[in-house]
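Structure data follow from coords_3.pdb (PDB, C-alpha atoms and all ligand atoms):
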MODEL        1
ATOM      1  CA  MET U 184      72.666 155.985 105.760
ATOM      2  CA  LEU U 185      76.057 157.166 104.497
ATOM      3  CA  GLU U 186      76.915 158.129 100.931
ATOM      4  CA  VAL U 187      80.328 159.359  99.874
ATOM      5  CA  HIS U 188      80.855 160.431  96.263
ATOM      6  CA  ASP U 189      84.224 161.072  94.690
ATOM      7  CA  LEU U 190      85.689 162.591  97.834
ATOM      8  CA  VAL U 191      89.036 164.378  97.625
ATOM      9  CA  LYS U 192      91.061 165.940 100.447
ATOM     10  CA  ARG U 193      94.599 167.079  99.733
ATOM     11  CA  TYR U 194      97.197 168.387 102.141
ATOM     12  CA  PRO U 195     100.473 169.908 101.016
ATOM     13  CA  GLY U 196     102.513 166.855 100.106
ATOM     14  CA  ALA U 197      99.716 164.296 100.639
ATOM     15  CA  ASP U 198      96.615 163.232  98.720
ATOM     16  CA  ALA U 199      95.005 162.051 101.955
ATOM     17  CA  VAL U 200      91.680 161.110 100.311
ATOM     18  CA  ASN U 201      91.952 160.689  96.585
ATOM     19  CA  GLY U 202      88.548 160.029  95.006
ATOM     20  CA  ILE U 203      86.692 157.773  97.439
ATOM     21  CA  SER U 204      83.084 156.713  96.877
ATOM     22  CA  LEU U 205      81.114 154.386  99.100
ATOM     23  CA  ILE U 206      77.569 153.662 100.170
ATOM     24  CA  LEU U 207      76.737 152.219 103.553
ATOM     25  CA  GLN U 208      73.338 150.804 104.521
ATOM     26  CA  ARG U 209      71.857 151.471 107.958
ATOM     27  CA  GLY U 210      72.843 148.959 110.626
ATOM     28  CA  THR U 211      76.084 147.886 108.978
ATOM     29  CA  VAL U 212      79.409 147.457 110.789
ATOM     30  CA  LEU U 213      82.114 148.651 108.390
ATOM     31  CA  GLY U 214      85.846 148.211 108.893
ATOM     32  CA  LEU U 215      87.991 150.946 107.381
ATOM     33  CA  LEU U 216      91.283 149.128 107.065
ATOM     34  CA  GLY U 217      94.607 150.409 105.861
ATOM     35  CA  PRO U 218      98.197 151.024 106.833
ATOM     36  CA  ASN U 219      99.452 154.247 108.468
ATOM     37  CA  GLY U 220      98.789 157.280 106.313
ATOM     38  CA  SER U 221      96.251 155.569 104.032
ATOM     39  CA  GLY U 222      93.586 158.214 104.726
ATOM     40  CA  LYS U 223      91.371 156.498 107.303
ATOM     41  CA  SER U 224      91.338 159.377 109.802
ATOM     42  CA  THR U 225      90.918 162.011 107.116
ATOM     43  CA  LEU U 226      87.927 160.183 105.644
ATOM     44  CA  LEU U 227      86.294 159.861 109.075
ATOM     45  CA  LYS U 228      86.964 163.516 109.878
ATOM     46  CA  THR U 229      85.329 164.671 106.651
ATOM     47  CA  VAL U 230      82.231 162.581 107.455
ATOM     48  CA  ALA U 231      82.228 164.005 111.011
ATOM     49  CA  GLY U 232      82.379 167.519 109.528
ATOM     50  CA  LEU U 233      85.727 168.357 111.127
ATOM     51  CA  VAL U 234      87.682 168.552 107.891
ATOM     52  CA  HIS U 235      86.350 170.215 104.772
ATOM     53  CA  PRO U 236      86.972 168.200 101.587
ATOM     54  CA  ASP U 237      88.420 169.828  98.458
ATOM     55  CA  SER U 238      85.751 168.203  96.328
ATOM     56  CA  GLY U 239      83.146 165.470  96.369
ATOM     57  CA  GLU U 240      79.988 164.940  98.319
ATOM     58  CA  ILE U 241      79.015 163.313 101.612
ATOM     59  CA  ARG U 242      75.465 162.629 102.767
ATOM     60  CA  VAL U 243      74.446 161.279 106.153
ATOM     61  CA  GLU U 244      70.823 160.118 106.146
ATOM     62  CA  GLY U 245      70.428 162.106 102.939
ATOM     63  CA  LEU U 246      71.718 165.352 104.471
ATOM     64  CA  PRO U 247      74.887 167.202 103.458
ATOM     65  CA  VAL U 248      77.511 167.439 106.220
ATOM     66  CA  GLY U 249      76.693 170.336 108.552
ATOM     67  CA  THR U 250      75.059 171.094 111.890
ATOM     68  CA  ALA U 251      72.208 168.645 111.303
ATOM     69  CA  THR U 252      74.509 165.731 110.490
ATOM     70  CA  LYS U 253      76.890 166.531 113.390
ATOM     71  CA  ALA U 254      73.975 165.869 115.740
ATOM     72  CA  ARG U 255      73.582 162.434 114.139
ATOM     73  CA  VAL U 256      77.218 161.397 114.118
ATOM     74  CA  ALA U 257      79.198 160.255 117.184
ATOM     75  CA  TYR U 258      82.887 160.503 116.320
ATOM     76  CA  LEU U 259      85.651 158.960 118.399
ATOM     77  CA  PRO U 260      88.887 160.787 117.587
ATOM     78  CA  GLU U 261      92.285 159.124 117.560
ATOM     79  CA  VAL U 262      93.673 161.802 119.872
ATOM     80  CA  ASP U 263      92.343 163.085 123.174
ATOM     81  CA  PRO U 264      89.786 165.888 123.032
ATOM     82  CA  PHE U 265      89.517 166.292 126.857
ATOM     83  CA  HIS U 266      90.892 169.008 129.139
ATOM     84  CA  ARG U 267      93.426 167.483 131.498
ATOM     85  CA  TRP U 268      92.140 169.440 134.511
ATOM     86  CA  MET U 269      88.613 168.010 134.222
ATOM     87  CA  ARG U 270      87.333 165.065 136.180
ATOM     88  CA  VAL U 271      85.787 162.116 134.355
ATOM     89  CA  GLY U 272      82.339 162.954 135.751
ATOM     90  CA  GLN U 273      82.644 166.548 134.497
ATOM     91  CA  VAL U 274      83.583 165.308 131.037
ATOM     92  CA  LEU U 275      80.445 163.191 130.947
ATOM     93  CA  ASP U 276      78.297 166.099 132.181
ATOM     94  CA  LEU U 277      79.757 168.401 129.546
ATOM     95  CA  VAL U 278      79.350 166.009 126.635
ATOM     96  CA  GLY U 279      75.931 164.945 127.937
ATOM     97  CA  ALA U 280      74.725 168.553 128.024
ATOM     98  CA  PHE U 281      75.899 169.089 124.468
ATOM     99  CA  TYR U 282      74.188 166.157 122.742
ATOM    100  CA  GLY U 283      70.442 165.533 122.747
ATOM    101  CA  ASP U 284      70.984 161.828 122.117
ATOM    102  CA  TRP U 285      73.049 161.322 125.326
ATOM    103  CA  ASP U 286      71.984 158.307 127.407
ATOM    104  CA  PRO U 287      73.075 158.973 131.040
ATOM    105  CA  ALA U 288      72.275 155.447 132.238
ATOM    106  CA  ARG U 289      74.369 153.966 129.460
ATOM    107  CA  ALA U 290      77.203 156.378 130.241
ATOM    108  CA  GLN U 291      77.247 155.102 133.856
ATOM    109  CA  GLU U 292      77.133 151.494 132.709
ATOM    110  CA  LEU U 293      80.019 152.082 130.297
ATOM    111  CA  LEU U 294      82.031 153.921 132.941
ATOM    112  CA  HIS U 295      81.746 150.901 135.206
ATOM    113  CA  PHE U 296      82.549 148.500 132.372
ATOM    114  CA  MET U 297      85.686 150.490 131.531
ATOM    115  CA  ASN U 298      86.791 150.604 135.200
ATOM    116  CA  LEU U 299      86.718 154.392 135.255
ATOM    117  CA  THR U 300      85.636 156.466 138.264
ATOM    118  CA  PRO U 301      83.884 159.848 137.993
ATOM    119  CA  ASP U 302      86.312 161.479 140.430
ATOM    120  CA  ALA U 303      89.460 160.632 138.493
ATOM    121  CA  LYS U 304      91.215 163.582 136.853
ATOM    122  CA  VAL U 305      91.710 163.262 133.110
ATOM    123  CA  GLY U 306      95.327 164.415 133.534
ATOM    124  CA  SER U 307      96.047 161.532 135.903
ATOM    125  CA  LEU U 308      94.623 158.843 133.605
ATOM    126  CA  SER U 309      96.946 156.595 131.649
ATOM    127  CA  LYS U 310      96.820 156.660 127.851
ATOM    128  CA  GLY U 311      94.751 153.467 127.873
ATOM    129  CA  MET U 312      92.285 154.827 130.426
ATOM    130  CA  ARG U 313      91.843 157.980 128.334
ATOM    131  CA  ALA U 314      91.168 155.751 125.322
ATOM    132  CA  ARG U 315      88.469 154.031 127.396
ATOM    133  CA  LEU U 316      86.985 157.435 128.281
ATOM    134  CA  ARG U 317      86.838 158.319 124.577
ATOM    135  CA  LEU U 318      84.853 155.121 124.031
ATOM    136  CA  VAL U 319      82.479 155.926 126.906
ATOM    137  CA  VAL U 320      81.600 159.389 125.610
ATOM    138  CA  THR U 321      81.096 158.118 122.071
ATOM    139  CA  LEU U 322      79.091 155.003 122.864
ATOM    140  CA  ALA U 323      76.839 156.741 125.402
ATOM    141  CA  ARG U 324      75.208 158.589 122.527
ATOM    142  CA  ASN U 325      72.279 157.131 120.624
ATOM    143  CA  ALA U 326      73.616 158.609 117.390
ATOM    144  CA  PRO U 327      72.583 156.783 114.211
ATOM    145  CA  LEU U 328      76.157 156.858 112.892
ATOM    146  CA  LEU U 329      79.194 155.956 115.034
ATOM    147  CA  LEU U 330      82.670 156.667 113.671
ATOM    148  CA  LEU U 331      85.446 155.093 115.732
ATOM    149  CA  ASP U 332      88.974 156.046 114.713
ATOM    150  CA  GLU U 333      91.417 153.437 116.056
ATOM    151  CA  PRO U 334      89.237 152.812 119.135
ATOM    152  CA  LEU U 335      91.638 150.295 120.722
ATOM    153  CA  SER U 336      94.744 152.419 120.329
ATOM    154  CA  GLY U 337      96.567 152.610 123.681
ATOM    155  CA  ILE U 338      94.401 149.954 125.346
ATOM    156  CA  ASP U 339      96.309 146.959 126.729
ATOM    157  CA  VAL U 340      96.149 143.766 124.709
ATOM    158  CA  ALA U 341      94.555 141.815 127.571
ATOM    159  CA  SER U 342      91.531 144.166 127.691
ATOM    160  CA  ARG U 343      90.968 144.598 123.979
ATOM    161  CA  ALA U 344      88.844 141.491 123.338
ATOM    162  CA  ARG U 345      86.599 142.303 126.297
ATOM    163  CA  ILE U 346      86.164 145.873 125.068
ATOM    164  CA  ILE U 347      85.304 144.700 121.567
ATOM    165  CA  GLN U 348      82.632 142.447 123.081
ATOM    166  CA  GLY U 349      81.375 145.376 125.153
ATOM    167  CA  LEU U 350      81.310 147.532 122.057
ATOM    168  CA  ILE U 351      79.094 145.048 120.305
ATOM    169  CA  ARG U 352      76.755 144.856 123.291
ATOM    170  CA  GLN U 353      76.408 148.644 123.350
ATOM    171  CA  TYR U 354      76.004 149.024 119.629
ATOM    172  CA  ARG U 355      72.348 148.935 118.723
ATOM    173  CA  GLY U 356      72.377 146.536 115.800
ATOM    174  CA  GLY U 357      69.989 147.501 113.030
ATOM    175  CA  GLU U 358      69.514 151.028 114.362
ATOM    176  CA  GLN U 359      73.079 152.241 114.523
ATOM    177  CA  THR U 360      75.663 152.150 111.771
ATOM    178  CA  LEU U 361      79.233 151.656 112.896
ATOM    179  CA  VAL U 362      82.475 152.523 111.092
ATOM    180  CA  VAL U 363      85.689 151.343 112.774
ATOM    181  CA  SER U 364      89.090 152.336 111.431
ATOM    182  CA  THR U 365      92.107 150.239 112.301
ATOM    183  CA  HIS U 366      95.234 148.567 111.043
ATOM    184  CA  GLU U 367      94.875 145.878 113.734
ATOM    185  CA  VAL U 368      92.468 143.889 111.572
ATOM    186  CA  GLY U 369      92.567 140.630 113.539
ATOM    187  CA  GLU U 370      91.170 142.245 116.662
ATOM    188  CA  VAL U 371      88.000 143.559 115.065
ATOM    189  CA  GLU U 372      87.606 140.881 112.383
ATOM    190  CA  GLY U 373      84.773 139.136 114.264
ATOM    191  CA  ILE U 374      82.506 142.187 114.317
ATOM    192  CA  LEU U 375      82.945 143.456 110.748
ATOM    193  CA  GLU U 376      80.220 142.932 108.140
ATOM    194  CA  ARG U 377      81.742 145.006 105.354
ATOM    195  CA  VAL U 378      85.280 146.160 104.810
ATOM    196  CA  VAL U 379      87.020 148.850 102.819
ATOM    197  CA  PHE U 380      90.777 148.526 102.375
ATOM    198  CA  LEU U 381      92.369 151.935 101.852
ATOM    199  CA  GLU U 382      95.725 152.623 100.301
ATOM    200  CA  THR U 383      97.146 156.126  99.768
ATOM    201  CA  GLY U 384      93.701 157.698  99.826
ATOM    202  CA  ARG U 385      92.044 155.236  97.465
ATOM    203  CA  ILE U 386      89.898 152.131  97.897
ATOM    204  CA  ARG U 387      92.079 149.154  97.087
ATOM    205  CA  LEU U 388      89.481 146.455  97.862
ATOM    206  CA  GLU U 389      86.008 146.411  99.350
ATOM    207  CA  GLY U 390      83.158 144.034  99.994
ATOM    208  CA  GLU U 391      81.203 141.906 102.430
ATOM    209  CA  ALA U 392      83.517 140.340 105.001
ATOM    210  CA  ASP U 393      82.172 136.808 104.418
ATOM    211  CA  ALA U 394      82.346 137.102 100.627
ATOM    212  CA  LEU U 395      85.940 138.367 100.762
ATOM    213  CA  ARG U 396      86.955 135.538 103.106
ATOM    214  CA  ASP U 397      85.354 132.999 100.726
ATOM    215  CA  GLU U 398      86.901 134.544  97.615
ATOM    216  CA  HIS U 399      90.389 134.826  99.078
ATOM    217  CA  GLY U 400      90.282 131.640 101.158
ATOM    218  CA  GLY U 401      91.559 133.335 104.299
ATOM    219  CA  SER U 402      90.789 135.713 107.140
ATOM    220  CA  LEU U 403      90.507 139.470 106.676
ATOM    221  CA  GLN U 404      93.805 139.692 108.540
ATOM    222  CA  GLN U 405      95.423 137.442 105.918
ATOM    223  CA  ILE U 406      93.826 139.402 103.077
ATOM    224  CA  PHE U 407      95.109 142.621 104.669
ATOM    225  CA  GLU U 408      98.621 141.198 104.825
ATOM    226  CA  GLU U 409      98.425 140.034 101.183
ATOM    227  CA  VAL U 410      97.008 143.334  99.907
ATOM    228  CA  PHE U 411      99.555 145.455 101.724
ATOM    229  CA  ALA U 412     102.544 143.088 101.437
TER
HETATM  230  N1  LIG Y   1      96.531 168.048 109.014
HETATM  231  C1  LIG Y   1      97.332 167.499 108.114
HETATM  232  N2  LIG Y   1      98.280 168.228 107.473
HETATM  233  C2  LIG Y   1      99.077 167.681 106.539
HETATM  234  N3  LIG Y   1      99.023 166.390 106.160
HETATM  235  C3  LIG Y   1      98.104 165.610 106.755
HETATM  236  C4  LIG Y   1      97.220 166.122 107.764
HETATM  237  N4  LIG Y   1      96.409 165.110 108.183
HETATM  238  C5  LIG Y   1      96.773 164.014 107.470
HETATM  239  N5  LIG Y   1      97.795 164.319 106.623
HETATM  240  C6  LIG Y   1      98.436 163.386 105.682
HETATM  241  O1  LIG Y   1      97.409 162.735 104.952
HETATM  242  C7  LIG Y   1      97.713 161.350 104.766
HETATM  243  C8  LIG Y   1      96.597 160.513 105.360
HETATM  244  O2  LIG Y   1      96.611 160.680 106.789
HETATM  245  P1  LIG Y   1      95.526 160.014 107.743
HETATM  246  O3  LIG Y   1      95.839 160.468 109.120
HETATM  247  O4  LIG Y   1      94.172 160.261 107.207
HETATM  248  O5  LIG Y   1      95.872 158.452 107.578
HETATM  249  P2  LIG Y   1      95.488 157.223 108.517
HETATM  250  O6  LIG Y   1      95.205 156.082 107.593
HETATM  251  O7  LIG Y   1      94.440 157.606 109.475
HETATM  252  O8  LIG Y   1      96.863 156.965 109.290
HETATM  253  P3  LIG Y   1      97.140 156.331 110.761
HETATM  254  O9  LIG Y   1      96.760 154.875 110.688
HETATM  255  O10 LIG Y   1      98.621 156.523 110.909
HETATM  256  O11 LIG Y   1      96.340 157.110 111.746
HETATM  257  C9  LIG Y   1      99.073 161.134 105.409
HETATM  258  O12 LIG Y   1     100.056 161.219 104.402
HETATM  259  C10 LIG Y   1      99.193 162.284 106.391
HETATM  260  O13 LIG Y   1     100.538 162.633 106.597
ENDMDL
END
Show me the file's structure as structure tokens.
Ligand SMILES: Nc1ncnc2c1ncn2[C@@H]1O[C@H](COP(=O)(O)OP(=O)(O)OP(=O)(O)O)[C@@H](O)[C@H]1O
Amino acid sequence: MLEVHDLVKRYPGADAVNGISLILQRGTVLGLLGPNGSGKSTLLKTVAGLVHPDSGEIRVEGLPVGTATKARVAYLPEVDPFHRWMRVGQVLDLVGAFYGDWDPARAQELLHFMNLTPDAKVGSLSKGMRARLRLVVTLARNAPLLLLDEPLSGIDVASRARIIQGLIRQYRGGEQTLVVSTHEVGEVEGILERVVFLETGRIRLEGEADALRDEHGGSLQQIFEEVFA
């Protein structure tokens, strides 16, 4: 489903992605784990086609990144892409009109689940409510590849577990492939099948979640703390 070969993206003063290769099978839930500045967002943006790599290759369902792959990838950005003057319902209409894989019934269901109302103005939403809206517009697409960059960022601790459960209900196991970036490993630990630990743009450790837990005799959270101690 996703192949990344020797990917490099440099910014002045930062080797954001420094030779990453990975292969992801369809239907997998991958955790992209790493501390601040380890390259998680940059890697996701290159796969989403929003950042052009300096070198290396990315294929989504065998296709190089471009218009065709953008239609197959639902990307949840870390920062807000919405106009503040728009109402929630207008945001959904706009995004829905743009993507052929939009599922209006699912969008309504998600809106309700996230306690959002169509009439609310984006500008009047709290940071956490805007984070919920980002999840709604991403998960309402039937895209084969979902890229969620820090999806729980800004959402209150009390709601996070419920949202993770909701995420799993919405995610079409087997059909959709899910990549979740975070440094809050404990919160998503239960849903991850594979993990990649990133450090300064490189893969420090990777593998099946269960195998890593067996090998290291601890949770992914504990492994994360050991690796990045
Ligand atoms: N547009 C940019 N211009 C310059 N440097 C950048 C840019 N985007 C990212 N970087 C740098 O690239 C490195 C990787 O950043 P990136 O945002 O990919 O990391 P991250 O793991 O997602 O971090 P965080 O968890 O804080 O979101 C950092 O050193 C960052 O400062």
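What the PyMOL selection byres (((chain U and resi 214) around 10) and not hetatm) grabs from this file is Thr211, Val212, Leu213, Leu215, Leu216, Gly217, Leu331, Leu361, Val362, Val363, Ser364, Thr365, His366, Val368, Val371, Glu372, Ile374, Leu375, Glu376, Arg377, Val378, Val379, Phe380, Glu389 and Ala392 of chain U.
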Can you sort out the box for stretch 360-377 of chain U, edges along x, y and z, all listed atoms in, 8 Å on every side, with centre and edge lengths in Å to one decimal, as AutoDock Vina command-line options?
--center_x 85.4 --center_y 145.8 --center_z 111.0 --size_x 35.6 --size_y 29.4 --size_z 27.3
Name the residues that the PyMOL selection byres (((not hetatm)) within 9 of (chain Y and resi 1)) picks from the file above, as a PyMOL selection string, using the file's chain letters and numbers.
chain U and resi 192-200+215-228+234+261+332-333+364-366+381-384
Quick one: residues within 9 Å of U:Ser402, only C-alpha atoms, excluding same-chain residues fewer than 4 positions away - as a PDB file with C-alpha atoms, in the coordinates of the input?
ATOM      1  CA  GLY U 369      92.567 140.630 113.539  1.00  0.00           C
ATOM      2  CA  GLU U 372      87.606 140.881 112.383  1.00  0.00           C
ATOM      3  CA  ALA U 392      83.517 140.340 105.001  1.00  0.00           C
ATOM      4  CA  LEU U 395      85.940 138.367 100.762  1.00  0.00           C
ATOM      5  CA  ARG U 396      86.955 135.538 103.106  1.00  0.00           C
ATOM      6  CA  ASP U 397      85.354 132.999 100.726  1.00  0.00           C
ATOM      7  CA  ILE U 406      93.826 139.402 103.077  1.00  0.00           C
ATOM      8  CA  PHE U 407      95.109 142.621 104.669  1.00  0.00           C
TER       9      PHE U 407
END
If you apply the PyMOL selection byres (((chain U and resi 275) around 10) and not hetatm) to this file, what residues do you get, as a VMD selection string?
chain U and resid 270 to 274 276 to 281 285 287 290 to 291 294 301 316 319 to 320 323
What is the distance, in Å and to one decimal place, between atom CA of U:Ala341 and atom CA of U:Met297?
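Answer for the atom CA of U:Ala341 to atom CA of U:Met297 separation: 13.0 Å.
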Smallest atom-to-atom distance to U:Lys253: which of U:Phe296, U:Gln208, U:Pro327, U:Gly239, using all atoms listed in the file?
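Of U:Phe296, U:Gln208, U:Pro327, U:Gly239, the one nearest U:Lys253 is U:Pro327, counting all atoms listed in the file.
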May I have the residues within 12 Å of U:Arg209 as a ChimeraX atom specification, using only C-alpha atoms and disregarding those fewer than 3 positions away in the same chain?
/U:184-186,206,212-213,243-245,326-329,355-362,376
Please export stretch 217-309 of chain U as a PDB file, in the first residue's frame, restricted to C-alpha atoms.
ATOM      1  CA  GLY U 217       9.143  10.163  18.045  1.00  0.00           C
ATOM      2  CA  PRO U 218       9.952  13.224  20.092  1.00  0.00           C
ATOM      3  CA  ASN U 219       9.404  16.814  18.888  1.00  0.00           C
ATOM      4  CA  GLY U 220      11.341  17.560  15.730  1.00  0.00           C
ATOM      5  CA  SER U 221      12.049  13.913  14.855  1.00  0.00           C
ATOM      6  CA  GLY U 222      10.520  14.270  11.376  1.00  0.00           C
ATOM      7  CA  LYS U 223       7.058  12.753  11.835  1.00  0.00           C
ATOM      8  CA  SER U 224       5.129  15.645  10.268  1.00  0.00           C
ATOM      9  CA  THR U 225       7.605  16.068   7.436  1.00  0.00           C
ATOM     10  CA  LEU U 226       7.379  12.378   6.549  1.00  0.00           C
ATOM     11  CA  LEU U 227       3.567  12.497   6.546  1.00  0.00           C
ATOM     12  CA  LYS U 228       3.541  15.675   4.459  1.00  0.00           C
ATOM     13  CA  THR U 229       5.796  14.131   1.823  1.00  0.00           C
ATOM     14  CA  VAL U 230       3.475  11.103   1.588  1.00  0.00           C
ATOM     15  CA  ALA U 231       0.467  13.463   1.360  1.00  0.00           C
ATOM     16  CA  GLY U 232       2.223  15.311  -1.482  1.00  0.00           C
ATOM     17  CA  LEU U 233       2.390  18.617   0.392  1.00  0.00           C
ATOM     18  CA  VAL U 234       6.160  18.694   0.737  1.00  0.00           C
ATOM     19  CA  HIS U 235       8.508  17.723  -2.056  1.00  0.00           C
ATOM     20  CA  PRO U 236      11.401  15.506  -0.913  1.00  0.00           C
ATOM     21  CA  ASP U 237      15.000  16.261  -1.922  1.00  0.00           C
ATOM     22  CA  SER U 238      15.525  12.648  -2.908  1.00  0.00           C
ATOM     23  CA  GLY U 239      14.033   9.200  -2.532  1.00  0.00           C
ATOM     24  CA  GLU U 240      10.832   7.630  -3.692  1.00  0.00           C
ATOM     25  CA  ILE U 241       7.300   7.241  -2.344  1.00  0.00           C
ATOM     26  CA  ARG U 242       4.614   5.005  -3.822  1.00  0.00           C
ATOM     27  CA  VAL U 243       1.008   4.807  -2.688  1.00  0.00           C
ATOM     28  CA  GLU U 244      -0.731   1.746  -4.128  1.00  0.00           C
ATOM     29  CA  GLY U 245       2.150   1.547  -6.589  1.00  0.00           C
ATOM     30  CA  LEU U 246       1.711   5.133  -7.812  1.00  0.00           C
ATOM     31  CA  PRO U 247       4.225   7.962  -7.404  1.00  0.00           C
ATOM     32  CA  VAL U 248       2.972  10.873  -5.275  1.00  0.00           C
ATOM     33  CA  GLY U 249       0.841  13.215  -7.391  1.00  0.00           C
ATOM     34  CA  THR U 250      -2.774  14.015  -8.213  1.00  0.00           C
ATOM     35  CA  ALA U 251      -3.788  10.352  -8.349  1.00  0.00           C
ATOM     36  CA  THR U 252      -2.344   9.537  -4.928  1.00  0.00           C
ATOM     37  CA  LYS U 253      -3.769  12.726  -3.337  1.00  0.00           C
ATOM     38  CA  ALA U 254      -7.230  11.380  -4.152  1.00  0.00           C
ATOM     39  CA  ARG U 255      -6.348   8.205  -2.237  1.00  0.00           C
ATOM     40  CA  VAL U 256      -4.811   9.800   0.828  1.00  0.00           C
ATOM     41  CA  ALA U 257      -6.768  11.506   3.636  1.00  0.00           C
ATOM     42  CA  TYR U 258      -4.323  13.655   5.591  1.00  0.00           C
ATOM     43  CA  LEU U 259      -5.095  15.196   8.963  1.00  0.00           C
ATOM     44  CA  PRO U 260      -2.732  18.132   9.478  1.00  0.00           C
ATOM     45  CA  GLU U 261      -1.363  19.157  12.852  1.00  0.00           C
ATOM     46  CA  VAL U 262      -2.510  22.735  12.292  1.00  0.00           C
ATOM     47  CA  ASP U 263      -5.902  24.064  11.267  1.00  0.00           C
ATOM     48  CA  PRO U 264      -6.624  24.263   7.545  1.00  0.00           C
ATOM     49  CA  PHE U 265     -10.098  25.883   7.962  1.00  0.00           C
ATOM     50  CA  HIS U 266     -11.221  29.467   7.358  1.00  0.00           C
ATOM     51  CA  ARG U 267     -12.343  30.986  10.636  1.00  0.00           C
ATOM     52  CA  TRP U 268     -15.388  32.677   9.075  1.00  0.00           C
ATOM     53  CA  MET U 269     -16.861  29.384   7.827  1.00  0.00           C
ATOM     54  CA  ARG U 270     -19.484  27.392   9.643  1.00  0.00           C
ATOM     55  CA  VAL U 271     -18.867  23.727  10.417  1.00  0.00           C
ATOM     56  CA  GLY U 272     -21.562  22.665   7.936  1.00  0.00           C
ATOM     57  CA  GLN U 273     -19.932  24.754   5.187  1.00  0.00           C
ATOM     58  CA  VAL U 274     -16.570  23.146   5.895  1.00  0.00           C
ATOM     59  CA  LEU U 275     -18.119  19.719   5.448  1.00  0.00           C
ATOM     60  CA  ASP U 276     -19.869  20.793   2.226  1.00  0.00           C
ATOM     61  CA  LEU U 277     -16.632  22.201   0.843  1.00  0.00           C
ATOM     62  CA  VAL U 278     -14.483  19.193   1.675  1.00  0.00           C
ATOM     63  CA  GLY U 279     -17.282  16.845   0.595  1.00  0.00           C
ATOM     64  CA  ALA U 280     -17.517  18.523  -2.812  1.00  0.00           C
ATOM     65  CA  PHE U 281     -13.777  18.208  -3.287  1.00  0.00           C
ATOM     66  CA  TYR U 282     -13.322  14.488  -2.608  1.00  0.00           C
ATOM     67  CA  GLY U 283     -15.069  11.712  -4.520  1.00  0.00           C
ATOM     68  CA  ASP U 284     -14.658   9.334  -1.588  1.00  0.00           C
ATOM     69  CA  TRP U 285     -16.637  11.574   0.838  1.00  0.00           C
ATOM     70  CA  ASP U 286     -19.281   9.721   2.870  1.00  0.00           C
ATOM     71  CA  PRO U 287     -21.948  12.296   3.911  1.00  0.00           C
ATOM     72  CA  ALA U 288     -23.742   9.918   6.283  1.00  0.00           C
ATOM     73  CA  ARG U 289     -20.495   9.147   8.060  1.00  0.00           C
ATOM     74  CA  ALA U 290     -19.664  12.853   8.257  1.00  0.00           C
ATOM     75  CA  GLN U 291     -22.990  13.466  10.065  1.00  0.00           C
ATOM     76  CA  GLU U 292     -22.403  10.535  12.389  1.00  0.00           C
ATOM     77  CA  LEU U 293     -18.908  11.788  13.225  1.00  0.00           C
ATOM     78  CA  LEU U 294     -20.160  15.333  13.757  1.00  0.00           C
ATOM     79  CA  HIS U 295     -22.618  14.041  16.329  1.00  0.00           C
ATOM     80  CA  PHE U 296     -19.996  11.821  17.953  1.00  0.00           C
ATOM     81  CA  MET U 297     -17.635  14.792  18.278  1.00  0.00           C
ATOM     82  CA  ASN U 298     -20.386  17.023  19.744  1.00  0.00           C
ATOM     83  CA  LEU U 299     -20.067  19.523  16.915  1.00  0.00           C
ATOM     84  CA  THR U 300     -23.004  21.419  15.396  1.00  0.00           C
ATOM     85  CA  PRO U 301     -23.190  22.461  11.727  1.00  0.00           C
ATOM     86  CA  ASP U 302     -24.094  26.047  12.627  1.00  0.00           C
ATOM     87  CA  ALA U 303     -21.054  26.699  14.799  1.00  0.00           C
ATOM     88  CA  LYS U 304     -18.501  29.120  13.354  1.00  0.00           C
ATOM     89  CA  VAL U 305     -14.989  27.731  13.037  1.00  0.00           C
ATOM     90  CA  GLY U 306     -13.625  30.950  14.576  1.00  0.00           C
ATOM     91  CA  SER U 307     -15.711  30.424  17.709  1.00  0.00           C
ATOM     92  CA  LEU U 308     -14.592  26.820  18.259  1.00  0.00           C
ATOM     93  CA  SER U 309     -12.053  26.010  20.937  1.00  0.00           C
TER      94      SER U 309
END
